[in-house]
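Q: See my_file06.cif below, with mmCIF, C-alpha atoms (C1' of nucleotides).
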data_upload
#
loop_
_atom_site.label_atom_id
_atom_site.label_comp_id
_atom_site.auth_asym_id
_atom_site.auth_seq_id
_atom_site.Cartn_x
_atom_site.Cartn_y
_atom_site.Cartn_z
CA MET A 3 161.61 47.73 54.50
CA HIS A 4 159.34 45.58 56.66
CA GLU A 5 160.26 47.67 59.68
CA SER A 6 158.33 50.53 58.18
CA LEU A 7 155.15 48.45 58.30
CA ILE A 8 155.85 47.17 61.80
CA LYS A 9 156.33 50.70 63.08
CA TYR A 10 153.16 51.68 61.30
CA ILE A 11 151.16 48.95 63.03
CA ASP A 12 152.60 49.85 66.42
CA ARG A 13 151.69 53.47 65.90
CA TYR A 14 148.05 52.59 65.27
CA THR A 15 147.45 50.12 68.06
CA SER A 16 147.48 50.04 71.84
CA THR A 17 149.53 46.83 72.30
CA PRO A 18 152.93 46.71 70.55
CA LEU A 19 153.75 43.67 68.46
CA ILE A 20 155.79 40.99 70.14
CA GLU A 21 158.83 39.64 68.32
CA SER A 22 157.18 36.43 67.06
CA GLN A 23 154.38 38.47 65.52
CA ALA A 24 156.82 40.86 63.88
CA GLU A 25 158.64 37.85 62.51
CA LEU A 26 155.42 36.47 61.09
CA ILE A 27 154.82 39.75 59.33
CA ARG A 28 158.35 39.81 57.94
CA ASN A 29 157.84 36.30 56.61
CA THR A 30 154.44 36.94 55.05
CA PHE A 31 154.67 40.31 53.34
CA ILE A 32 156.63 40.26 50.10
CA ALA A 33 158.80 43.24 49.25
CA LYS A 34 158.47 44.55 45.70
CA GLN A 35 159.62 47.55 43.72
CA ILE A 36 158.10 48.93 40.56
CA LYS A 37 159.14 51.84 38.39
CA LYS A 38 157.07 54.80 37.27
CA ARG A 39 154.27 53.78 34.89
CA GLN A 40 154.58 50.06 35.61
CA PHE A 41 151.32 48.36 36.47
CA PHE A 42 150.48 46.92 39.86
CA LEU A 43 147.05 45.87 38.57
CA GLN A 44 145.54 45.89 35.11
CA GLU A 45 141.90 46.00 34.08
CA GLY A 46 140.58 42.46 33.75
CA GLN A 47 142.94 40.94 36.30
CA VAL A 48 141.99 39.90 39.80
CA CYS A 49 143.68 42.08 42.43
CA GLU A 50 145.64 39.34 44.17
CA TYR A 51 147.58 41.53 46.54
CA ALA A 52 147.06 44.40 48.90
CA ALA A 53 150.06 46.72 48.84
CA PHE A 54 151.38 48.75 51.76
CA ILE A 55 153.34 51.58 50.21
CA VAL A 56 156.71 52.17 51.84
CA LYS A 57 157.96 54.78 49.36
CA GLY A 58 156.57 56.29 46.18
CA SER A 59 153.06 56.79 44.85
CA MET A 60 150.42 55.04 42.74
CA ARG A 61 147.16 55.85 40.98
CA GLN A 62 143.98 53.85 40.52
CA TYR A 63 141.87 54.68 37.49
CA SER A 64 139.34 53.42 34.99
CA VAL A 65 139.40 54.07 31.27
CA ASP A 66 136.11 54.92 29.59
CA ASP A 67 134.89 54.07 26.08
CA LYS A 68 136.47 57.27 24.74
CA GLY A 69 139.84 56.35 26.22
CA ALA A 70 139.68 58.97 28.96
CA GLU A 71 141.23 58.05 32.31
CA HIS A 72 139.30 58.67 35.54
CA PHE A 73 141.46 58.68 38.66
CA LEU A 74 139.54 57.15 41.55
CA HIS A 75 142.30 56.90 44.15
CA LEU A 76 145.76 58.32 44.67
CA PHE A 77 148.12 56.49 47.00
CA ILE A 78 151.28 57.69 48.73
CA GLU A 79 153.50 56.35 51.53
CA HIS A 80 151.71 54.53 54.33
CA LEU A 81 148.53 54.03 52.37
CA TRP A 82 147.17 50.66 51.31
CA ALA A 83 146.76 50.36 47.56
CA MET A 84 144.38 47.82 46.09
CA ASP A 85 141.06 47.55 44.33
CA ARG A 86 138.92 46.65 47.32
CA GLU A 87 136.17 45.08 45.27
CA SER A 88 138.44 42.79 43.31
CA PHE A 89 140.61 41.95 46.31
CA VAL A 90 137.68 40.99 48.51
CA MET A 91 135.40 39.36 45.94
CA LEU A 92 138.17 37.87 43.79
CA THR A 93 136.45 39.25 40.69
CA PRO A 94 138.28 40.81 37.73
CA SER A 95 138.93 44.49 38.29
CA VAL A 96 137.64 47.29 36.09
CA TYR A 97 140.51 49.46 37.27
CA ASN A 98 144.18 49.91 36.59
CA ILE A 99 146.69 50.69 39.31
CA ASP A 100 150.13 51.87 38.26
CA ALA A 101 153.10 53.61 39.81
CA TRP A 102 153.32 57.36 39.38
CA GLU A 103 156.73 57.50 41.03
CA ASP A 104 159.18 54.65 41.49
CA THR A 105 157.56 52.73 44.33
CA GLU A 106 158.56 50.29 47.06
CA MET A 107 155.81 48.24 48.62
CA LEU A 108 154.94 45.22 50.72
CA LEU A 109 152.47 42.74 49.25
CA VAL A 110 150.11 40.33 50.93
CA THR A 111 147.46 38.02 49.52
CA ARG A 112 143.91 37.99 50.80
CA ALA A 113 144.31 34.50 52.29
CA ASP A 114 147.54 35.40 54.07
CA TYR A 115 146.03 38.63 55.30
CA LEU A 116 143.01 36.90 56.81
CA ASN A 117 145.31 34.45 58.56
CA LEU A 118 147.39 37.28 59.96
CA LEU A 119 144.28 39.00 61.27
CA SER A 120 143.47 35.95 63.42
CA ALA A 121 147.07 35.44 64.50
CA ILE A 122 147.83 39.06 65.40
CA PRO A 123 145.13 40.99 67.28
CA ALA A 124 147.07 44.23 66.89
CA LEU A 125 146.95 43.85 63.13
CA ALA A 126 143.21 43.25 63.27
CA GLU A 127 142.85 46.42 65.29
CA MET A 128 144.92 48.41 62.83
CA SER A 129 143.00 46.96 59.95
CA ARG A 130 139.69 47.95 61.47
CA ARG A 131 140.97 51.48 62.04
CA MET A 132 142.22 51.77 58.51
CA ASP A 133 138.88 50.61 57.17
CA GLU A 134 137.12 53.17 59.33
CA ARG A 135 139.36 55.91 58.00
CA THR A 136 138.74 54.75 54.47
CA ILE A 137 134.98 54.87 55.04
CA ILE A 138 135.14 58.32 56.59
CA ALA A 139 137.26 59.68 53.76
CA ALA A 140 134.99 58.17 51.12
CA GLN A 141 131.92 59.59 52.84
CA GLU A 142 133.42 63.07 52.88
CA ARG A 143 134.38 62.87 49.24
CA LEU A 144 130.92 61.64 48.29
CA ASN A 145 129.26 64.40 50.27
CA SER A 146 131.43 66.96 48.60
CA SER A 147 130.64 65.56 45.17
CA ILE A 148 126.87 65.74 45.66
CA SER A 149 126.82 68.98 47.65
CA PHE A 150 129.44 71.35 46.28
CA PRO A 151 130.48 72.90 42.97
CA ALA A 152 133.92 72.24 41.50
CA GLU A 153 135.47 75.36 42.95
CA LYS A 154 134.68 74.44 46.56
CA ARG A 155 135.70 70.83 45.99
CA TYR A 156 139.11 72.00 44.88
CA ALA A 157 139.44 74.43 47.78
CA ASP A 158 138.57 71.69 50.29
CA PHE A 159 140.91 69.25 48.64
CA SER A 160 143.88 71.57 48.58
CA SER A 161 143.45 72.53 52.21
CA LYS A 162 142.97 68.94 53.39
CA GLN A 163 145.45 67.15 51.12
CA PRO A 164 148.18 69.64 50.27
CA GLU A 165 150.78 66.88 49.89
CA PHE A 166 148.85 65.41 46.96
CA LEU A 167 149.10 68.71 45.13
CA GLN A 168 152.88 68.41 45.26
CA ARG A 169 153.05 64.79 44.22
CA PHE A 170 150.62 64.64 41.31
CA PRO A 171 150.19 66.90 38.27
CA GLN A 172 147.10 69.01 37.90
CA HIS A 173 145.39 66.99 35.26
CA ILE A 174 145.35 64.00 37.62
CA ILE A 175 143.99 66.07 40.50
CA ALA A 176 141.31 67.43 38.18
CA SER A 177 140.18 63.96 37.20
CA TYR A 178 140.26 62.84 40.83
CA LEU A 179 137.90 65.72 41.64
CA GLY A 180 135.63 64.84 38.75
CA ILE A 181 136.40 67.82 36.53
CA THR A 182 138.51 68.44 33.43
CA LYS A 183 142.04 69.83 33.50
CA GLU A 184 140.86 72.94 31.66
CA SER A 185 138.21 73.68 34.27
CA LEU A 186 140.69 73.18 37.07
CA SER A 187 143.13 75.51 35.39
CA ARG A 188 140.47 78.21 35.21
CA ILE A 189 139.39 77.63 38.79
CA ARG A 190 142.96 78.10 39.97
CA LYS A 191 143.43 81.26 37.94
CA PHE A 192 140.30 82.64 39.51
CA ALA A 193 141.35 81.57 43.01
CA MET A 194 144.69 83.43 42.65
CA LYS A 195 143.02 86.82 42.53
CA THR A 196 141.09 86.42 45.79
CA MET B 2 113.53 42.13 67.69
CA HIS B 3 117.03 41.14 68.73
CA GLU B 4 116.61 37.82 66.97
CA SER B 5 116.70 39.65 63.67
CA LEU B 6 120.21 40.87 64.44
CA ILE B 7 121.35 37.48 65.70
CA LYS B 8 120.14 35.79 62.53
CA TYR B 9 121.86 38.49 60.54
CA ILE B 10 125.19 37.86 62.26
CA ASP B 11 124.88 34.11 61.77
CA ARG B 12 124.17 34.60 58.11
CA TYR B 13 127.38 36.56 57.61
CA THR B 14 129.80 34.42 59.54
CA SER B 15 131.19 30.92 59.45
CA THR B 16 130.75 30.02 63.16
CA PRO B 17 127.24 30.45 64.62
CA LEU B 18 126.86 32.38 67.84
CA ILE B 19 126.67 30.31 71.00
CA GLU B 20 123.91 31.05 73.46
CA SER B 21 126.00 33.09 75.89
CA GLN B 22 127.10 35.35 73.04
CA ALA B 23 123.56 35.77 71.81
CA GLU B 24 122.57 36.67 75.34
CA LEU B 25 125.31 39.26 75.52
CA ILE B 26 124.00 40.81 72.35
CA ARG B 27 120.44 40.84 73.65
CA ASN B 28 121.66 42.59 76.79
CA THR B 29 123.77 45.19 75.03
CA PHE B 30 121.74 46.40 72.07
CA ILE B 31 118.89 48.70 73.01
CA ALA B 32 115.63 48.44 71.07
CA LYS B 33 114.15 51.72 69.95
CA GLN B 34 111.36 52.89 67.69
CA ILE B 35 110.99 56.24 66.02
CA LYS B 36 108.27 57.63 63.80
CA LYS B 37 108.56 59.13 60.35
CA ARG B 38 110.46 62.46 60.40
CA GLN B 39 111.79 61.99 63.91
CA PHE B 40 115.52 62.53 64.26
CA PHE B 41 118.00 59.83 65.11
CA LEU B 42 120.85 62.35 64.87
CA GLN B 43 120.85 66.11 64.47
CA GLU B 44 123.56 68.36 63.09
CA GLY B 45 125.86 69.48 65.89
CA GLN B 46 125.31 66.39 68.04
CA VAL B 47 127.79 63.57 68.48
CA CYS B 48 126.53 60.33 66.95
CA GLU B 49 126.45 58.26 70.12
CA TYR B 50 124.87 55.15 68.67
CA ALA B 51 125.14 52.89 65.71
CA ALA B 52 121.72 51.64 64.65
CA PHE B 53 120.93 48.27 63.12
CA ILE B 54 117.66 48.76 61.29
CA VAL B 55 115.16 45.98 61.91
CA LYS B 56 112.26 47.59 60.07
CA GLY B 57 111.74 50.91 58.31
CA SER B 58 114.08 53.37 56.63
CA MET B 59 116.19 56.43 57.38
CA ARG B 60 118.03 59.16 55.53
CA GLN B 61 121.32 60.93 56.24
CA TYR B 62 121.70 64.43 54.85
CA SER B 63 123.40 67.75 55.20
CA VAL B 64 121.76 71.15 54.81
CA ASP B 65 123.65 73.82 52.89
CA ASP B 66 123.70 77.58 53.41
CA LYS B 67 120.70 77.99 51.09
CA GLY B 68 118.69 75.48 53.11
CA ALA B 69 118.88 72.73 50.48
CA GLU B 70 119.13 69.15 51.73
CA HIS B 71 121.74 66.80 50.28
CA PHE B 72 121.05 63.11 50.91
CA LEU B 73 124.30 61.27 51.48
CA HIS B 74 122.99 57.87 52.60
CA LEU B 75 119.70 56.02 52.53
CA PHE B 76 119.19 53.16 54.98
CA ILE B 77 116.70 50.31 54.94
CA GLU B 78 116.29 47.04 56.87
CA HIS B 79 119.51 45.25 57.74
CA LEU B 80 121.70 48.24 57.13
CA TRP B 81 123.69 50.05 59.80
CA ALA B 82 122.78 53.68 60.15
CA MET B 83 125.20 56.15 61.69
CA ASP B 84 127.48 59.01 60.81
CA ARG B 85 130.75 57.09 60.70
CA GLU B 86 132.90 60.12 61.24
CA SER B 87 131.08 61.34 64.31
CA PHE B 88 130.61 57.83 65.74
CA VAL B 89 134.29 56.94 65.43
CA MET B 90 135.89 60.30 66.23
CA LEU B 91 133.26 61.43 68.74
CA THR B 92 133.09 64.80 67.01
CA PRO B 93 129.87 66.76 66.36
CA SER B 94 128.20 65.66 63.17
CA VAL B 95 127.50 67.91 60.21
CA TYR B 96 124.67 65.59 59.18
CA ASN B 97 121.11 64.85 60.17
CA ILE B 98 119.68 61.37 60.23
CA ASP B 99 115.92 60.99 60.45
CA ALA B 100 113.32 58.31 59.85
CA TRP B 101 111.63 58.27 56.47
CA GLU B 102 109.26 55.52 57.52
CA ASP B 103 108.37 54.46 61.05
CA THR B 104 111.48 52.59 62.08
CA GLU B 105 112.51 49.93 64.57
CA MET B 106 116.18 49.64 65.38
CA LEU B 107 118.78 48.29 67.76
CA LEU B 108 121.25 50.75 69.22
CA VAL B 109 124.75 50.27 70.52
CA THR B 110 127.33 52.76 71.75
CA ARG B 111 130.86 52.85 70.40
CA ALA B 112 132.32 51.63 73.70
CA ASP B 113 129.89 48.73 73.97
CA TYR B 114 130.46 47.83 70.35
CA LEU B 115 134.23 47.68 70.77
CA ASN B 116 133.78 45.45 73.80
CA LEU B 117 131.50 43.14 71.87
CA LEU B 118 134.03 42.90 69.06
CA SER B 119 136.60 41.46 71.48
CA ALA B 120 134.10 39.21 73.23
CA ILE B 121 132.49 37.77 70.10
CA PRO B 122 134.79 36.83 67.23
CA ALA B 123 131.83 36.19 64.94
CA LEU B 124 130.67 39.76 65.45
CA ALA B 125 134.14 41.02 64.62
CA GLU B 126 134.06 39.00 61.43
CA MET B 127 130.66 40.34 60.47
CA SER B 128 131.76 43.84 61.27
CA ARG B 129 134.81 43.51 59.06
CA ARG B 130 132.67 42.23 56.21
CA MET B 131 130.18 45.03 56.60
CA ASP B 132 132.97 47.59 56.52
CA GLU B 133 134.35 45.99 53.38
CA ARG B 134 130.95 46.15 51.72
CA THR B 135 130.60 49.76 52.76
CA ILE B 136 133.99 50.58 51.24
CA ILE B 137 133.19 48.77 48.01
CA ALA B 138 129.83 50.50 47.67
CA ALA B 139 131.35 53.90 48.38
CA GLN B 140 134.10 53.28 45.84
CA GLU B 141 131.57 52.39 43.15
CA ARG B 142 129.50 55.44 43.89
CA LEU B 143 132.55 57.67 43.79
CA ASN B 144 133.70 56.19 40.53
CA SER B 145 130.31 56.70 39.03
CA SER B 146 130.23 60.32 40.21
CA ILE B 147 133.57 61.21 38.63
CA SER B 148 133.18 59.08 35.50
CA PHE B 149 129.58 59.19 34.33
CA PRO B 150 126.90 61.73 33.45
CA ALA B 151 123.65 61.93 35.41
CA GLU B 152 121.72 59.73 33.03
CA LYS B 153 124.06 56.77 33.39
CA ARG B 154 124.29 57.25 37.14
CA TYR B 155 120.55 56.94 37.37
CA ALA B 156 120.45 53.89 35.10
CA ASP B 157 123.11 52.15 37.18
CA PHE B 158 121.39 53.07 40.41
CA SER B 159 117.98 51.83 39.35
CA SER B 160 119.34 48.51 38.12
CA LYS B 161 121.48 47.94 41.23
CA GLN B 162 119.17 49.33 43.91
CA PRO B 163 115.60 48.88 42.64
CA GLU B 164 114.23 48.56 46.18
CA PHE B 165 115.34 52.12 46.98
CA LEU B 166 113.26 53.42 44.10
CA GLN B 167 110.17 51.96 45.78
CA ARG B 168 110.95 53.21 49.24
CA PHE B 169 112.02 56.81 48.64
CA PRO B 170 110.47 59.58 46.56
CA GLN B 171 112.20 60.83 43.45
CA HIS B 172 113.44 64.11 44.83
CA ILE B 173 115.41 62.20 47.46
CA ILE B 174 116.88 59.83 44.90
CA ALA B 175 117.83 62.82 42.76
CA SER B 176 119.70 64.45 45.61
CA TYR B 177 121.39 61.15 46.50
CA LEU B 178 122.64 60.99 42.92
CA GLY B 179 123.84 64.58 43.02
CA ILE B 180 121.27 66.07 40.66
CA THR B 181 118.10 68.13 41.02
CA LYS B 182 114.62 66.64 41.06
CA GLU B 183 113.78 68.48 37.83
CA SER B 184 116.75 66.96 36.03
CA LEU B 185 115.85 63.50 37.28
CA SER B 186 112.30 63.94 36.12
CA ARG B 187 113.50 64.81 32.62
CA ILE B 188 115.97 61.95 32.57
CA ARG B 189 113.19 59.53 33.42
CA LYS B 190 110.89 60.93 30.78
CA PHE B 191 113.64 60.48 28.24
CA ALA B 192 114.42 56.94 29.44
CA MET B 193 110.76 55.90 29.02
CA LYS B 194 110.89 56.28 25.27
CA THR B 195 113.87 53.98 24.75
"C1'" DC C 28 86.53 69.95 48.62
"C1'" DG C 29 90.94 71.86 49.57
"C1'" DC C 30 95.44 71.10 51.20
"C1'" DG C 31 100.21 69.36 51.06
"C1'" DG C 32 103.71 66.69 49.21
"C1'" DG C 33 105.48 65.13 45.24
"C1'" DT C 34 106.15 65.48 40.20
"C1'" DT C 35 106.25 67.61 35.76
"C1'" DT C 36 107.01 71.23 32.32
"C1'" DG C 37 108.89 75.37 30.34
"C1'" DA C 38 112.03 79.27 29.83
"C1'" DT C 39 116.40 80.98 30.89
"C1'" DG C 40 121.08 80.94 32.42
"C1'" DA C 41 125.30 79.23 34.72
"C1'" DT C 42 128.63 75.82 35.04
"C1'" DG C 43 131.63 72.92 33.19
"C1'" DC C 44 132.89 70.27 28.76
"C1'" DT C 45 135.01 69.85 24.03
"C1'" DC C 46 138.11 70.96 20.68
"C1'" DA C 47 141.86 73.47 19.12
"C1'" DA C 48 145.79 76.22 19.57
"C1'" DG C 49 149.69 78.11 21.90
"C1'" DC C 50 152.87 78.39 25.76
"C1'" DC C 51 156.26 76.93 29.19
"C1'" DC C 52 159.97 74.23 30.71
"C1'" DG C 53 163.03 70.44 31.55
"C1'" DG C 54 165.44 66.81 29.17
"C1'" DT C 55 167.87 64.79 25.09
"C1'" DG C 56 170.68 64.55 21.34
"C1'" DG C 57 173.08 66.77 17.52
"C1'" DC D 15 175.35 75.16 23.46
"C1'" DC D 16 171.35 75.19 21.17
"C1'" DA D 17 167.29 73.00 18.82
"C1'" DC D 18 163.91 70.21 19.36
"C1'" DC D 19 160.62 67.35 21.65
"C1'" DG D 20 157.06 65.98 24.90
"C1'" DG D 21 154.40 66.51 28.87
"C1'" DG D 22 151.92 69.54 31.28
"C1'" DC D 23 149.48 73.86 31.67
"C1'" DT D 24 146.79 77.73 29.83
"C1'" DT D 25 143.53 80.25 26.93
"C1'" DG D 26 139.65 80.95 23.87
"C1'" DA D 27 135.28 80.00 21.37
"C1'" DG D 28 131.26 77.41 21.08
"C1'" DC D 29 128.32 74.04 23.08
"C1'" DA D 30 125.99 70.46 26.15
"C1'" DT D 31 124.46 69.47 30.43
"C1'" DC D 32 122.36 70.55 34.31
"C1'" DA D 33 120.57 74.18 37.66
"C1'" DT D 34 117.26 77.73 38.74
"C1'" DC D 35 112.91 79.76 39.06
"C1'" DA D 36 108.14 79.74 38.40
"C1'" DA D 37 103.94 77.64 37.37
"C1'" DA D 38 100.86 73.92 36.85
"C1'" DC D 39 99.47 69.35 37.72
"C1'" DC D 40 98.43 65.11 40.24
"C1'" DC D 41 96.64 62.53 43.88
"C1'" DG D 42 95.82 60.67 48.49
"C1'" DC D 43 93.78 62.23 52.69
"C1'" DG D 44 91.50 64.81 56.29
#
The structure in this file should be written as structure tokens.
A:
Amino acid sequence: MHESLIKYIDRYTSTPLIESQAELIRNTFIAKQIKKRQFFLQEGQVCEYAAFIVKGSMRQYSVDDKGAEHFLHLFIEHLWAMDRESFVMLTPSVYNIDAWEDTEMLLVTRADYLNLLSAIPALAEMSRRMDERTIIAAQERLNSSISFPAEKRYADFSSKQPEFLQRFPQHIIASYLGITKESLSRIRKFAMKT
Amino acid sequence: MHESLIKYIDRYTSTPLIESQAELIRNTFIAKQIKKRQFFLQEGQVCEYAAFIVKGSMRQYSVDDKGAEHFLHLFIEHLWAMDRESFVMLTPSVYNIDAWEDTEMLLVTRADYLNLLSAIPALAEMSRRMDERTIIAAQERLNSSISFPAEKRYADFSSKQPEFLQRFPQHIIASYLGITKESLSRIRKFAMKT
DNA sequence: CGCGGGTTTGATGATGCTCAAGCCCGGTGG
DNA sequence: CCACCGGGCTTGAGCATCATCAAACCCGCG
């Protein structure tokens, strides 16, 4: 399981990990499996771990005063699942993260992660790149939410993230895009005929 | 002018810069001033520089097919202005960035910045922290855009970012929040009476 | 004074939401 | 093997929110 992460790091950096570094990673990241609908993080808890997803998928969402769920992030293989705010600030999270499919992941605490960053330059490089990608993706999503109507947001999403359409049901996609499942259903019906 | 950046780095890191590092920073970052409404980046160009704002303010926006401007980011002192996607990927930007007030800034190219990150661990630490803050802020804004109606988005914004209300006119704030200036005007009128 | 940028107000309409009902389909148990 | 159940998806009617368009207002500044 750890080899998946090591390959992932190598793929994203210029200098491959040497064996002692790989060993350090194997000794620090904790393997864990959870089943569909089990929680990785619950509202009110501090997000103690960052999770590298080896297999499966998870969802991050808040629940409003009317009990409605709002899906903020969807995670699949090779993504890092966590509530960034809680993980970095060590404050209680307002989000839940649970498994949507049975999921295998590798966990690391903030303290361990910071130590690894100093010990393994390649990991620091990967981490910086991942953060950049996260920022770019968030910026695009934000731009789309302030600039475009629901129909175009869905069209962009389905062309850029087709794999998510397969892995998650429509009502989750709808919420992720900031619309209701009914609206998404109508948008899709309309899109068929064009 | 460079001292502002050096102080800023020291404030965000555990180990203060030593003189040779400070000197390296002074030699690498290029001071530049632009006047209100001058462009720092125009649609179609590659974002060659990241800008640390010493004084003034800037706005990042896209222009849609009907000519309407959508303000994605607002920058004031001690923020880093750039189009992340274009700066990192070296692709042409779909955004404009211009000065809203007369602005003084320090510029650095991507290549120089990457070199500085290796040469100055404190800068790498600051950079990581800034990226984390950027991710956290983007996540909050995204959550608010999918979870809350315009009125609550404005209330949250004005309590968390009161300084922006002073620095930018309402029609820009409205666009930043993803609503029209007319709607924002009505929301504010309504909020007065409560 | 008049101009320009910003804000407000009003009337109208589109977009997307709510609530409620029905449908489809895969899985479970009788 | 079939009946039923539940989750997800669709459809419809009515409604709230927010956008559009047009006009007026406000105010600092040349």
Q: For the file shown, what are the residues hit by the PyMOL selection byres ((chain B) within 9 of (chain D)), laid out as a VMD selection string?
A: chain B and resid 150 to 151 180 to 181 183 to 184
Q: Save out the residues we just selected, C-alpha atoms, as an mmCIF file, keeping the file's coordinate frame.
A:
data_model
loop_
_atom_site.group_PDB
_atom_site.id
_atom_site.type_symbol
_atom_site.label_atom_id
_atom_site.label_comp_id
_atom_site.auth_asym_id
_atom_site.auth_seq_id
_atom_site.Cartn_x
_atom_site.Cartn_y
_atom_site.Cartn_z
ATOM 1 C CA PRO B 150 126.900 61.730 33.450
ATOM 2 C CA ALA B 151 123.650 61.930 35.410
ATOM 3 C CA ILE B 180 121.270 66.070 40.660
ATOM 4 C CA THR B 181 118.100 68.130 41.020
ATOM 5 C CA GLU B 183 113.780 68.480 37.830
ATOM 6 C CA SER B 184 116.750 66.960 36.030
#
Q: Show me, as a PyMOL selection string, every residue of chain C with an atom at most 12 Å from chain B, counting only C-alpha atoms (C1' of nucleotides).
A: chain C and resi 32-37+44
Q: Can those selected residues be exported to a file as a PDB file, in the frame of the given file so that it contains C-alpha atoms (C1' of nucleotides)?
A:
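Once written, result.pdb looks like this:
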ATOM      1  C1'  DG C  32     103.710  66.690  49.210  1.00  0.00           C
ATOM      2  C1'  DG C  33     105.480  65.130  45.240  1.00  0.00           C
ATOM      3  C1'  DT C  34     106.150  65.480  40.200  1.00  0.00           C
ATOM      4  C1'  DT C  35     106.250  67.610  35.760  1.00  0.00           C
ATOM      5  C1'  DT C  36     107.010  71.230  32.320  1.00  0.00           C
ATOM      6  C1'  DG C  37     108.890  75.370  30.340  1.00  0.00           C
ATOM      7  C1'  DC C  44     132.890  70.270  28.760  1.00  0.00           C
TER       8       DC C  44
END
Q: Which residues are close to segment 12-27 of chain A, i.e. within 7 Å by only C-alpha atoms (C1' of nucleotides), leaving aside same-chain residues fewer than 4 positions away? Reply as number ranges by chain.
A: A: 8, 31, 122, 124, 127-128
Q: Run the PyMOL selection byres ((chain A) within 7 of (chain B)) on the file and write out the hits as a list of chain:residue names.
A: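 So the PyMOL selection byres ((chain A) within 7 of (chain B)) ends up selecting A:His72, A:Leu74, A:Arg86, A:Glu87, A:Asp133, A:Ile137, A:Ile138, A:Ala140, A:Leu144, A:Asn145, A:Ile148, A:Ser149, A:Leu179, A:Gly180.
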Q: Atom CA of Ala120 of chain B to atom CA of Arg112 of chain A: how many Å, to one decimal?
A: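 Between these atoms lies a distance of 24.5 Å.
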Q: Tell me, as a list in words, which residues lie within 8 Å of segment 77-80 of chain B, counting all atoms listed in the file; anything in the same chain fewer than 5 positions away does not count.
A: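 My list of contacting residues is Tyr9, Phe53, Ile54, Val55, Lys56, Gly57, Ser58 and Met59 of chain B.
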Q: So that I have them on file, write out the residues from the current selection with C-alpha atoms, as a short mmCIF file (atom, residue, chain, number, x, y, z; two decimals), keeping the file's coordinate frame.
A:
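Heads up, here's the output in result-v8.cif:
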data_model
loop_
_atom_site.label_atom_id
_atom_site.label_comp_id
_atom_site.auth_asym_id
_atom_site.auth_seq_id
_atom_site.Cartn_x
_atom_site.Cartn_y
_atom_site.Cartn_z
CA TYR B 9 121.86 38.49 60.54
CA PHE B 53 120.93 48.27 63.12
CA ILE B 54 117.66 48.76 61.29
CA VAL B 55 115.16 45.98 61.91
CA LYS B 56 112.26 47.59 60.07
CA GLY B 57 111.74 50.91 58.31
CA SER B 58 114.08 53.37 56.63
CA MET B 59 116.19 56.43 57.38
#
Q: Given the file above and the PyMOL selection byres ((chain B and resi 38) around 8), which residues are selected, and can you give them as a ChimeraX atom specification?
A: /B:36-37,39-40,99-102
Q: Quick one: distance from atom CA of Arg61 of chain A to atom CA of Met107 of chain A in Å, one decimal?
A: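 Atom CA of Met107 of chain A lies at a distance of 13.8 Å from atom CA of Arg61 of chain A.
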Q: Quick one: distance from atom CA of Asp67 of chain A to atom CA of Glu164 of chain B in Å, one decimal?
A: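 Calculated distance between atom CA of Asp67 of chain A and atom CA of Glu164 of chain B is 29.3 Å.
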Q: Within 10 Å of Thr110 of chain B, counting only C-alpha atoms (C1' of nucleotides), which residues show up once you throw out same-chain ones fewer than 5 positions away? Write them as a PyMOL selection string, please.
A: chain B and resi 29-31+48-52+88+115-116
Q: Since fewer atoms than expected are present, regenerate N, CA and C atoms for segment 79-87 of chain A and write them as a PDB file, in the frame of the given file.
A:
ATOM      1  N   GLU A  79     152.929  57.125  50.433  1.00  0.00           N
ATOM      2  CA  GLU A  79     153.500  56.350  51.530  1.00  0.00           C
ATOM      3  C   GLU A  79     152.480  56.108  52.648  1.00  0.00           C
ATOM      4  N   HIS A  80     152.511  54.910  53.174  1.00  0.00           N
ATOM      5  CA  HIS A  80     151.710  54.530  54.330  1.00  0.00           C
ATOM      6  C   HIS A  80     150.222  54.429  54.022  1.00  0.00           C
ATOM      7  N   LEU A  81     149.906  54.356  52.749  1.00  0.00           N
ATOM      8  CA  LEU A  81     148.530  54.030  52.370  1.00  0.00           C
ATOM      9  C   LEU A  81     148.522  52.618  51.806  1.00  0.00           C
ATOM     10  N   TRP A  82     147.352  52.012  51.825  1.00  0.00           N
ATOM     11  CA  TRP A  82     147.170  50.660  51.310  1.00  0.00           C
ATOM     12  C   TRP A  82     146.543  50.752  49.927  1.00  0.00           C
ATOM     13  N   ALA A  83     147.264  50.294  48.933  1.00  0.00           N
ATOM     14  CA  ALA A  83     146.760  50.360  47.560  1.00  0.00           C
ATOM     15  C   ALA A  83     146.191  49.004  47.161  1.00  0.00           C
ATOM     16  N   MET A  84     144.992  49.050  46.637  1.00  0.00           N
ATOM     17  CA  MET A  84     144.380  47.820  46.090  1.00  0.00           C
ATOM     18  C   MET A  84     143.045  48.235  45.494  1.00  0.00           C
ATOM     19  N   ASP A  85     142.460  47.353  44.685  1.00  0.00           N
ATOM     20  CA  ASP A  85     141.060  47.550  44.330  1.00  0.00           C
ATOM     21  C   ASP A  85     140.254  46.710  45.299  1.00  0.00           C
ATOM     22  N   ARG A  86     139.626  47.346  46.257  1.00  0.00           N
ATOM     23  CA  ARG A  86     138.920  46.650  47.320  1.00  0.00           C
ATOM     24  C   ARG A  86     137.945  45.609  46.779  1.00  0.00           C
ATOM     25  N   GLU A  87     137.188  45.996  45.783  1.00  0.00           N
ATOM     26  CA  GLU A  87     136.170  45.080  45.270  1.00  0.00           C
ATOM     27  C   GLU A  87     136.789  43.808  44.733  1.00  0.00           C
TER      28      GLU A  87
END
